[in-house]
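> Input: one structure, supplied below.
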Amino acid sequence: MRQGNRTSIYILVIIGAMLLFVFYLQHTISENTQKLKALEVEKAREFAGKIERYMKAEVKGKDLLDVLRTDPEKRKELNRVLHAFLTKEFQYIFLLTKDRQGHYRFVLDASLEDPVAYNTLFFPNNPAFDEVYRTGKPKIIREKKSMEEIWLSLLYPIRSQGKTEMLMVIDLSKAYSQSLSSFNAPLIRIAKLMQGFLLLSILFMGYLMLSYNRLQKQLYHDPLTGAYSKYYLNTFFDSNRLDRYDLIMIDIDEFKSVNARFGYDAGDSVLKSFVSAIKGKLPKGAKLVRSGGTEFLVIIPKEGKIETVSKALFHLLKRKKYLFDDEVFTLTVSMSVLETPNGMYSLQKAERMLDERMLEIKNLGKNGLRFIGGDKEEIGYFTLDQVRTMLEAEKLLCLYQPVIDTKTGETVRYEALVRLIDPENPDVLIAPGQFMDIIKGTSQYLKLSKQVLKEVFGTLLAYPKLHVSVNLDLNDLYNDEVMTMITTELKKHAGIAHRLSFEILEEHEIKDYTRVQTIFRQLKTYGSQIAIDDFGSGFANYNHVLYLDIDVLKVDGSLIRELLENPERTEKLLHSIKVLADSFGCALVAEFVSEERIYKHIQAIGFEYAQGYYLGKPEPIEYYEGSLK
Amino acid sequence: MDIKSTLKVYNKLFSILVPNKQTVHVYVDDPDYREIFSKADNIAFARDIGEADFVLVTDPSILRQFQSWKQTHPHTSAILFATKYSLLEANKDVVGALYWRKGRPQLLFLLPRLKAHHIRLPDEFSNYAVPSL
C-alpha cells in the first residue's frame with residue numbers, strides 16, 4: 001500500500017513542480033510584457049521632451065504659450081508637427097492650458113480628423129492633471145475603464161519661468177497595449193493550456209489514488225468476516241519487522257459439522273460472529289487475519305501480554321455460544337502461539353512453526369492451546385522437513401538405560417531410547433521432545449520406528465545376552481509394514497525374540513482391544529514380552545489389564561515422583577497397583593527413579609524393577625556392556 | 001453606447017434639469033437614444049417639442065425644429081441638452097452637453113443658460129459648469 005501511495009505522491013509532487021514552473025513561466029511572460037510596455041512609456045516621455053524642445057526652439061526665446069495664444073499660424077504649424085508624432089501607439093497628442101477659472105482649454109491638438117479648436121473647454125475628470133500642473137512633474141496615469149480607447153496617458157508639463165503653463169497629453173492607445181500583450185499571447189496560451197492539463201492530471205491522479213485505495217481496501221479485507229486478508233498479512237510484514245509482533249494461529253475445530261448440520265449460511269454467520277468476538281478481545285494495535293477457511297492469525301504488538309491474551313481468547317472462544325435455528329451450540333478451537341524471537345524475519349517460517357504446533361494439537365485431540373516460547377533455544381525445535389532429512393540420512397542412534405532388578409541390583413535389561421544426530425554438529429543429540437510431536441501422525445513417524453527397530457535388532461544380535469525393551473506406538477503395531485518387519489526379524493533370528501520387550505506407548509485410546517490382543521499374542525508367540533508404558537496416566541487404564549495379556553506394567557514417572565512429595569498416599573496407591581499387577585501376573589517397573597529415597601520406597605513396595613538416573617543414565621550400549629571389539 | 005451607464009447618467013441629468021417629474025417626456029429623434037430611453041420606465045417619448053420636458057439635441061435639425069417651434073411658442077419651457085459640443089455652441093437655448101472628446105466623456109453646463117431656466121446645479125456638478133464657452 002505504502003509503495004503505491006509513495007509513487008502517487010512522487011507523481012503529484014512532479015506535477016505540482018511542473019505547475020509551479022508554469023506559474024513562473026506565466027509570471028515571467030507577463031513581467032516581460034510589462035517591461036515592454038514600460039519601454040513604450042519611456043519612449044513617449046522622450047517624445048514629449050523632444051516636442052517641447054522643438055516647440056520652444058520654434059518660438060525663438062519667446063514665451064511659447066503667448067505665441068500660441070496670439071499666433072494662429074504658429075498653432076497651425078505646430079499642430080502639424082504634433083501630428084507627425086501620432087502613430088498607432090500614440091492615439092492623441094494635445095496641449096492644454098488652464099484659464100482663469102481653472103478650466104482646461106485646448107491650445108494645440110494634433111488630430112487631423114477631429115481637431116479640437118483652440119480654446120475649447122476640456123474636462124479631464126482626473127485629479128492627476130491638476131497634480132502634474134501643480135508639481136511640474138510628469139506622470140503616467142492609467143485611465144478609467146470607461147475610456148475604451150485609452151490605455152495610459154502621459155501628462156507632461158511644459159514650464160516657463162518655474163511655472164507650468166501647459167500640459168502636453170500623450171494618450172497611448174488601448175489597441176497598442178493589446179497588440180503588446182498579444183505579442184506574448186501564444187506563450188501565455190501555451191502556459192494556460194499546460195496549467196489546465198496539469199490541473200486535470202492532478203484531478204485524474206487523485207481519482208486514480210482514490211480508486212487504488214478502494215481496490216486495496218477490498219484486497220486487504222476478507223469480504224465475509226471483515227478480518228484482514230492473507231494478502232494484507234504479507235504486505236504488512238513487507239514493511240513491518242516480524243520480531244516486533246507475536247502471532248496466534250486459531251483454527252475452529254470440526255467446523256465442517258456446522259455447515260453440515262445447519263447449512264453454509266449458518267457457517268458464514270458463525271464465522272462472522274467468531275471474528276467479531278475475537279476483535280472485541282484484541283488489544284490495541286492487534287490485527288486479525290483470516291488466513292484460511294476456518295484458520296485465523298492474530299498479530300499482536302510485542303508487549304509481553306501474549307500469554308494472557310491468547311489464554312483469554314482461548315477461553316472466550318470455547319465459552320462462546322452460537323445460536324442458529326433455535327439451537328445453541330459451542331465450538332472448540334485449537335490455538336498455537338508464537339512468541340516471536342528477536343531476529344526472526346521470515347513470516348513463512350513463523351507460519352510453518354505455528355502450523356506444526358497446530359498439527360500437534362490436532363493429533364492430541366484438538367481443543368488445545370500450545371505455546372512456542374520466545375527464547376530462541378526453546379523454539380529452535382526441528383521442522384518436519386529437517387527430521388525427514390535426518391531420517392533419510394539415517395542420522396539416528398539409540399541410547400540404552402538400564403532396568404535394575406530391585407532385589408539383586410543387577411541390570412536385567414535396557415530400554416532403548418532414540419536420539420537424532422544434529423546434522424550440523426554430530427556431538428549434539430536431539431531428544432524426542434524436540435521432534436516427536438512434529439512427526440506424529442506423519443509417515444516420518446513410521447520411518448523412525450522402523451529405523452529404531454533396525455538399530456535395536458542390530459544391538460540384540462551384537463550382544464547375545466542383552467535384553468532390550470523398545471517403545472512402540474499403537475499406530476506402529478497397526479501398520480502392516482512395521483509388523484512385517486518385526487515378525488520377519490523375529491523369525492530370522494529366533495534367539496533374540498525372548499530378549500526383546502515391546503513397551504506400548506499409551507497416547508491413543510484403544511478402541512478395538514481384540515485387534516490389539518491379536519497383535520500382542522502374535523508377538524508373544526515368538527517369546528517377546530509386552531509392557532504397558534506410563535501405566536496410571538493418560539489412556540493407560542485398567543481396561544488394558546482387563547482385556548490384554550500383559551507381562552510388565554511400567555508405572556508412570558509422575559506417580560513415582562510423588563513419593564517425594566506425598567509419600568504416604570502415593571505408597572498406598574502404588575501398593576494397590578502392586579496388588580493388581582500380582583493378581584494379573586505382571587511385573588512392575590518404576591520409572592524416573594532419580595534418587596535413593598525413591599528407590600528405597602519402591603523396593604519396600606515390592607516393585608520388581610526400577611529405572612532412572614539414580615540407577616543409570618541413557619548411554620550408548622558400549623558404556624554399559626563394553627565395546628564389542 | 002452602454003445602455004445601463006447611459007441611462008444612469010441621463011436619469012441623474014433629469015433629476016437636475018427636470019426635477020419633480022415622475023415621468024420625463026423626452027423629445028429625441030436619434031434611433032440609438034430612443035432605444036436606450038425605451039428601456040427606462042420613467043421616460044416617455046414626446047411626439048413633438050411642445051409635449052417635451054427635455055429635448056435631446058443630437059443634430060442641427062433638432063435645433064431647427066426647436067427654433068421654428070419657439071417662434072410660435074416663445075414661452076416654451078423644454079430643456080435642450082446636446083450630445084455634441086458644436087451643438088452647444090450653435091444654440092443659446094442648449095443648457096449643456098454630454099459628449100466624448102479625446103476618448104473621455106465630457107459633461108458641460110453653461111451657467112447663464114441654466115439660470116434662465118432657474119436651474120441650480122448640485123455642488124458635485126459645479127466643476128462642470130462654466131459661465132461661457
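In the C-alpha cells, the first chain shown is A, the next is B, and so on; residue numbers restart at 1 for each chain, and ligands run from 1 in the order shown.
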Taking only stretch 41-127 of chain B into account, list the residues labelled strand (DSSP E or B) by DSSP (computed from the backbone), as a ChimeraX atom specification.

/B:43-45,54-57,79-82,94-101,104-110

> Please, could you write that set of residues out with N, CA and C atoms as a PDB file, in the first residue's frame?


```
ATOM      1  N   ILE B  43     -39.307  57.282 -18.437  1.00  0.00           N
ATOM      2  CA  ILE B  43     -39.134  58.156 -19.608  1.00  0.00           C
ATOM      3  C   ILE B  43     -40.247  57.859 -20.626  1.00  0.00           C
ATOM      4  N   ALA B  44     -40.859  58.920 -21.054  1.00  0.00           N
ATOM      5  CA  ALA B  44     -41.868  58.775 -22.116  1.00  0.00           C
ATOM      6  C   ALA B  44     -41.416  59.623 -23.302  1.00  0.00           C
ATOM      7  N   PHE B  45     -41.707  59.154 -24.506  1.00  0.00           N
ATOM      8  CA  PHE B  45     -41.292  59.896 -25.687  1.00  0.00           C
ATOM      9  C   PHE B  45     -42.353  60.958 -26.045  1.00  0.00           C
ATOM     10  N   PHE B  54     -37.892  67.627 -22.028  1.00  0.00           N
ATOM     11  CA  PHE B  54     -36.455  67.542 -22.272  1.00  0.00           C
ATOM     12  C   PHE B  54     -36.252  67.221 -23.745  1.00  0.00           C
ATOM     13  N   VAL B  55     -35.464  68.063 -24.409  1.00  0.00           N
ATOM     14  CA  VAL B  55     -35.197  67.824 -25.836  1.00  0.00           C
ATOM     15  C   VAL B  55     -33.724  67.443 -25.979  1.00  0.00           C
ATOM     16  N   LEU B  56     -33.521  66.273 -26.527  1.00  0.00           N
ATOM     17  CA  LEU B  56     -32.136  65.845 -26.718  1.00  0.00           C
ATOM     18  C   LEU B  56     -31.703  66.228 -28.125  1.00  0.00           C
ATOM     19  N   VAL B  57     -30.724  67.135 -28.168  1.00  0.00           N
ATOM     20  CA  VAL B  57     -30.278  67.670 -29.457  1.00  0.00           C
ATOM     21  C   VAL B  57     -29.102  66.835 -29.951  1.00  0.00           C
ATOM     22  N   ILE B  79     -36.314  71.839 -21.846  1.00  0.00           N
ATOM     23  CA  ILE B  79     -34.861  71.964 -21.616  1.00  0.00           C
ATOM     24  C   ILE B  79     -34.154  71.312 -22.793  1.00  0.00           C
ATOM     25  N   LEU B  80     -33.223  72.035 -23.386  1.00  0.00           N
ATOM     26  CA  LEU B  80     -32.452  71.477 -24.506  1.00  0.00           C
ATOM     27  C   LEU B  80     -31.085  71.023 -23.995  1.00  0.00           C
ATOM     28  N   PHE B  81     -30.739  69.826 -24.415  1.00  0.00           N
ATOM     29  CA  PHE B  81     -29.453  69.278 -23.963  1.00  0.00           C
ATOM     30  C   PHE B  81     -28.809  68.593 -25.170  1.00  0.00           C
ATOM     31  N   ALA B  82     -27.529  68.887 -25.396  1.00  0.00           N
ATOM     32  CA  ALA B  82     -26.882  68.417 -26.635  1.00  0.00           C
ATOM     33  C   ALA B  82     -25.985  67.205 -26.405  1.00  0.00           C
ATOM     34  N   VAL B  94     -29.516  75.791 -25.609  1.00  0.00           N
ATOM     35  CA  VAL B  94     -28.998  74.494 -25.126  1.00  0.00           C
ATOM     36  C   VAL B  94     -28.258  74.732 -23.814  1.00  0.00           C
ATOM     37  N   VAL B  95     -28.723  74.088 -22.744  1.00  0.00           N
ATOM     38  CA  VAL B  95     -28.152  74.390 -21.410  1.00  0.00           C
ATOM     39  C   VAL B  95     -26.858  73.627 -21.126  1.00  0.00           C
ATOM     40  N   GLY B  96     -26.679  72.538 -21.815  1.00  0.00           N
ATOM     41  CA  GLY B  96     -25.467  71.750 -21.532  1.00  0.00           C
ATOM     42  C   GLY B  96     -25.296  70.651 -22.557  1.00  0.00           C
ATOM     43  N   ALA B  97     -24.244  69.918 -22.380  1.00  0.00           N
ATOM     44  CA  ALA B  97     -23.990  68.821 -23.333  1.00  0.00           C
ATOM     45  C   ALA B  97     -23.222  67.689 -22.642  1.00  0.00           C
ATOM     46  N   LEU B  98     -23.495  66.521 -23.175  1.00  0.00           N
ATOM     47  CA  LEU B  98     -22.717  65.341 -22.725  1.00  0.00           C
ATOM     48  C   LEU B  98     -22.166  64.697 -23.989  1.00  0.00           C
ATOM     49  N   TYR B  99     -20.822  64.685 -24.109  1.00  0.00           N
ATOM     50  CA  TYR B  99     -20.218  64.214 -25.355  1.00  0.00           C
ATOM     51  C   TYR B  99     -18.843  63.607 -25.040  1.00  0.00           C
ATOM     52  N   TRP B 100     -18.233  63.052 -26.074  1.00  0.00           N
ATOM     53  CA  TRP B 100     -16.910  62.433 -25.913  1.00  0.00           C
ATOM     54  C   TRP B 100     -15.863  63.285 -26.607  1.00  0.00           C
ATOM     55  N   ARG B 101     -14.746  63.446 -25.885  1.00  0.00           N
ATOM     56  CA  ARG B 101     -13.645  64.180 -26.506  1.00  0.00           C
ATOM     57  C   ARG B 101     -12.330  63.507 -26.091  1.00  0.00           C
ATOM     58  N   ARG B 104     -12.583  60.714 -23.837  1.00  0.00           N
ATOM     59  CA  ARG B 104     -13.030  60.966 -22.469  1.00  0.00           C
ATOM     60  C   ARG B 104     -14.445  61.557 -22.477  1.00  0.00           C
ATOM     61  N   PRO B 105     -15.292  61.138 -21.556  1.00  0.00           N
ATOM     62  CA  PRO B 105     -16.633  61.719 -21.507  1.00  0.00           C
ATOM     63  C   PRO B 105     -16.562  63.152 -20.970  1.00  0.00           C
ATOM     64  N   GLN B 106     -17.335  64.023 -21.606  1.00  0.00           N
ATOM     65  CA  GLN B 106     -17.314  65.432 -21.214  1.00  0.00           C
ATOM     66  C   GLN B 106     -18.732  65.866 -20.862  1.00  0.00           C
ATOM     67  N   LEU B 107     -18.887  66.374 -19.659  1.00  0.00           N
ATOM     68  CA  LEU B 107     -20.178  66.914 -19.250  1.00  0.00           C
ATOM     69  C   LEU B 107     -19.976  68.417 -19.038  1.00  0.00           C
ATOM     70  N   LEU B 108     -20.851  69.179 -19.641  1.00  0.00           N
ATOM     71  CA  LEU B 108     -20.628  70.628 -19.609  1.00  0.00           C
ATOM     72  C   LEU B 108     -21.967  71.347 -19.473  1.00  0.00           C
ATOM     73  N   PHE B 109     -22.005  72.291 -18.537  1.00  0.00           N
ATOM     74  CA  PHE B 109     -23.197  73.125 -18.373  1.00  0.00           C
ATOM     75  C   PHE B 109     -22.799  74.594 -18.530  1.00  0.00           C
ATOM     76  N   LEU B 110     -23.708  75.334 -19.066  1.00  0.00           N
ATOM     77  CA  LEU B 110     -23.454  76.771 -19.140  1.00  0.00           C
ATOM     78  C   LEU B 110     -24.325  77.472 -18.103  1.00  0.00           C
TER      79      LEU B 110
END
```

> Pick out the residues sitting within 7 Å of stretch 163-180 of chain A, and hand them over as a ChimeraX atom specification; count only C-alpha atoms, and ignore anything fewer than 2 positions along from it in its own chain.

/A:33,65,88-97,133,136,149-161,182-183

> Those same residues - C-alpha atoms - I'd like them written as a PDB file, in the first residue's frame.


```
ATOM      1  CA  THR A  33       5.078  42.262 -21.357  1.00  0.00           C
ATOM      2  CA  LEU A  65       2.039  79.971 -24.600  1.00  0.00           C
ATOM      3  CA  LYS A  88      -0.618  53.705 -33.833  1.00  0.00           C
ATOM      4  CA  GLU A  89       0.903  53.746 -30.340  1.00  0.00           C
ATOM      5  CA  PHE A  90       0.005  57.364 -29.589  1.00  0.00           C
ATOM      6  CA  GLN A  91      -3.707  57.869 -30.020  1.00  0.00           C
ATOM      7  CA  TYR A  92      -3.869  61.539 -29.095  1.00  0.00           C
ATOM      8  CA  ILE A  93      -1.341  64.289 -28.564  1.00  0.00           C
ATOM      9  CA  PHE A  94      -2.630  67.640 -27.387  1.00  0.00           C
ATOM     10  CA  LEU A  95      -1.683  70.635 -25.285  1.00  0.00           C
ATOM     11  CA  LEU A  96      -3.894  72.093 -22.570  1.00  0.00           C
ATOM     12  CA  THR A  97      -3.672  75.177 -20.503  1.00  0.00           C
ATOM     13  CA  TYR A 133       0.111  71.072 -13.308  1.00  0.00           C
ATOM     14  CA  GLY A 136       5.504  70.272 -12.620  1.00  0.00           C
ATOM     15  CA  GLU A 149      -9.776  53.811 -26.408  1.00  0.00           C
ATOM     16  CA  ILE A 150      -7.065  54.909 -23.990  1.00  0.00           C
ATOM     17  CA  TRP A 151      -4.705  52.673 -22.126  1.00  0.00           C
ATOM     18  CA  LEU A 152      -2.273  55.103 -20.490  1.00  0.00           C
ATOM     19  CA  SER A 153      -1.827  58.842 -20.532  1.00  0.00           C
ATOM     20  CA  LEU A 154       1.455  60.652 -20.177  1.00  0.00           C
ATOM     21  CA  LEU A 155       0.948  64.041 -18.572  1.00  0.00           C
ATOM     22  CA  TYR A 156       3.954  66.181 -19.403  1.00  0.00           C
ATOM     23  CA  PRO A 157       4.208  69.706 -18.019  1.00  0.00           C
ATOM     24  CA  ILE A 158       5.614  72.461 -20.194  1.00  0.00           C
ATOM     25  CA  ARG A 159       7.042  75.020 -17.898  1.00  0.00           C
ATOM     26  CA  SER A 160       8.214  78.564 -18.212  1.00  0.00           C
ATOM     27  CA  GLN A 161       9.923  80.618 -15.538  1.00  0.00           C
ATOM     28  CA  SER A 182      -0.734  39.730 -27.965  1.00  0.00           C
ATOM     29  CA  PHE A 183       2.998  39.648 -28.695  1.00  0.00           C
TER      30      PHE A 183
END
```

> So which residues touch A:Phe607 within 8 Å, counting only C-alpha atoms, skipping near sequence neighbours fewer than 3 positions away, as a list in words?

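Final neighbour list, sorted by chain and number: Thr406, Lys578, Ala587, Leu588, Val589, Ala590, Ile602, Gln603, Ala604 and Ala610 of chain A.
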
> Using DSSP on the backbone coordinates, identify the residues of stretch 29-119 of chain B assigned to alpha helix (DSSP H); present them as an MDAnalysis selection string.

chainID B and resid 31:37 60:72 85:90 111:116

> Measure the distance from atom CA of A:Leu546 to atom CA of A:Arg515 in Å and round it to one decimal.

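Separation between atom CA of A:Leu546 and atom CA of A:Arg515: 14.6 Å.
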
> Using only C-alpha atoms, what does the table of chain A residues within 10 Å of chain B look like, with each row giving the shortest atom pair and its distance in Å to one decimal, sorted by chain and ascending number, as a tab-separated table?


```
residue	atom	partner	partner_atom	distance
A:Gln91	CA	B:Lys102	CA	8.6
A:Tyr92	CA	B:Lys102	CA	6.8
A:Ile93	CA	B:Lys102	CA	9.2
A:Phe94	CA	B:Lys102	CA	9.2
A:Gln101	CA	B:Val130	CA	8.4
A:Gly102	CA	B:Asn127	CA	9.5
A:His103	CA	B:Val130	CA	8.4
A:Arg105	CA	B:Leu133	CA	9.9
A:Asp109	CA	B:Lys102	CA	9.8
A:Ser111	CA	B:Lys102	CA	9.5
A:Asp114	CA	B:Lys102	CA	9.2
A:Pro115	CA	B:Lys102	CA	9.8
A:Val116	CA	B:Arg101	CA	8.6
A:Asn119	CA	B:Leu133	CA	8.7
A:Thr120	CA	B:Leu133	CA	7.3
A:Leu121	CA	B:Leu133	CA	7.0
A:Phe122	CA	B:Gln106	CA	7.3
A:Phe123	CA	B:Gln106	CA	6.0
A:Pro124	CA	B:Arg104	CA	7.1
A:Asn125	CA	B:Arg104	CA	8.2
A:Glu143	CA	B:Arg104	CA	9.1
A:Lys144	CA	B:Arg104	CA	9.1
A:Ser146	CA	B:Arg104	CA	8.3
A:Met147	CA	B:Gly103	CA	5.8
A:Glu148	CA	B:Gly103	CA	7.1
A:Glu149	CA	B:Gly103	CA	5.9
A:Ile150	CA	B:Gly103	CA	6.6
A:Asp171	CA	B:Lys102	CA	8.7
A:Ser173	CA	B:Gly103	CA	9.8
```

> Would you put the residues from that selection into a file with C-alpha atoms, as a PDB file, in the first residue's frame?


```
ATOM      1  CA  GLN A  91      -3.707  57.869 -30.020  1.00  0.00           C
ATOM      2  CA  TYR A  92      -3.869  61.539 -29.095  1.00  0.00           C
ATOM      3  CA  ILE A  93      -1.341  64.289 -28.564  1.00  0.00           C
ATOM      4  CA  PHE A  94      -2.630  67.640 -27.387  1.00  0.00           C
ATOM      5  CA  GLN A 101     -11.410  79.897 -13.768  1.00  0.00           C
ATOM      6  CA  GLY A 102      -9.075  76.921 -13.589  1.00  0.00           C
ATOM      7  CA  HIS A 103     -10.710  75.094 -16.502  1.00  0.00           C
ATOM      8  CA  ARG A 105      -8.677  74.570 -22.561  1.00  0.00           C
ATOM      9  CA  ASP A 109      -4.408  69.295 -30.966  1.00  0.00           C
ATOM     10  CA  SER A 111      -5.598  65.280 -34.655  1.00  0.00           C
ATOM     11  CA  ASP A 114     -11.333  65.566 -35.488  1.00  0.00           C
ATOM     12  CA  PRO A 115      -9.302  68.579 -34.473  1.00  0.00           C
ATOM     13  CA  VAL A 116     -10.439  70.465 -31.457  1.00  0.00           C
ATOM     14  CA  ASN A 119      -9.516  77.420 -26.502  1.00  0.00           C
ATOM     15  CA  THR A 120     -12.127  74.666 -26.423  1.00  0.00           C
ATOM     16  CA  LEU A 121     -13.012  73.530 -22.907  1.00  0.00           C
ATOM     17  CA  PHE A 122     -11.808  70.175 -21.716  1.00  0.00           C
ATOM     18  CA  PHE A 123     -12.756  68.261 -18.612  1.00  0.00           C
ATOM     19  CA  PRO A 124     -10.169  65.610 -17.929  1.00  0.00           C
ATOM     20  CA  ASN A 125     -12.104  64.108 -14.977  1.00  0.00           C
ATOM     21  CA  GLU A 143      -7.239  55.930 -17.491  1.00  0.00           C
ATOM     22  CA  LYS A 144     -10.615  54.779 -16.241  1.00  0.00           C
ATOM     23  CA  SER A 146     -14.935  53.594 -19.196  1.00  0.00           C
ATOM     24  CA  MET A 147     -12.431  55.216 -21.515  1.00  0.00           C
ATOM     25  CA  GLU A 148     -12.385  52.440 -24.005  1.00  0.00           C
ATOM     26  CA  GLU A 149      -9.776  53.811 -26.408  1.00  0.00           C
ATOM     27  CA  ILE A 150      -7.065  54.909 -23.990  1.00  0.00           C
ATOM     28  CA  ASP A 171      -2.522  59.098 -24.901  1.00  0.00           C
ATOM     29  CA  SER A 173      -3.942  53.590 -27.264  1.00  0.00           C
TER      30      SER A 173
END
```

> For stretch 39-42 of chain B, work out the shell of residues within 9 Å, counting only C-alpha atoms and skipping chain neighbours fewer than 4 positions away, then give it as a ChimeraX atom specification.

/B:3,7,11,21-25,34-35

> Show which residues sit within 8 Å of B:Ile16, as a PyMOL selection string. Count only C-alpha atoms, and ignore same-chain residues fewer than 6 positions away.

chain B and resi 119-122

> Find the residues around A:Leu553 up to 9 Å (only C-alpha atoms counted), leave out those fewer than 2 positions away in its own chain, and share them as a ChimeraX atom specification.

/A:530-535,545,550-551,555,581,586-590
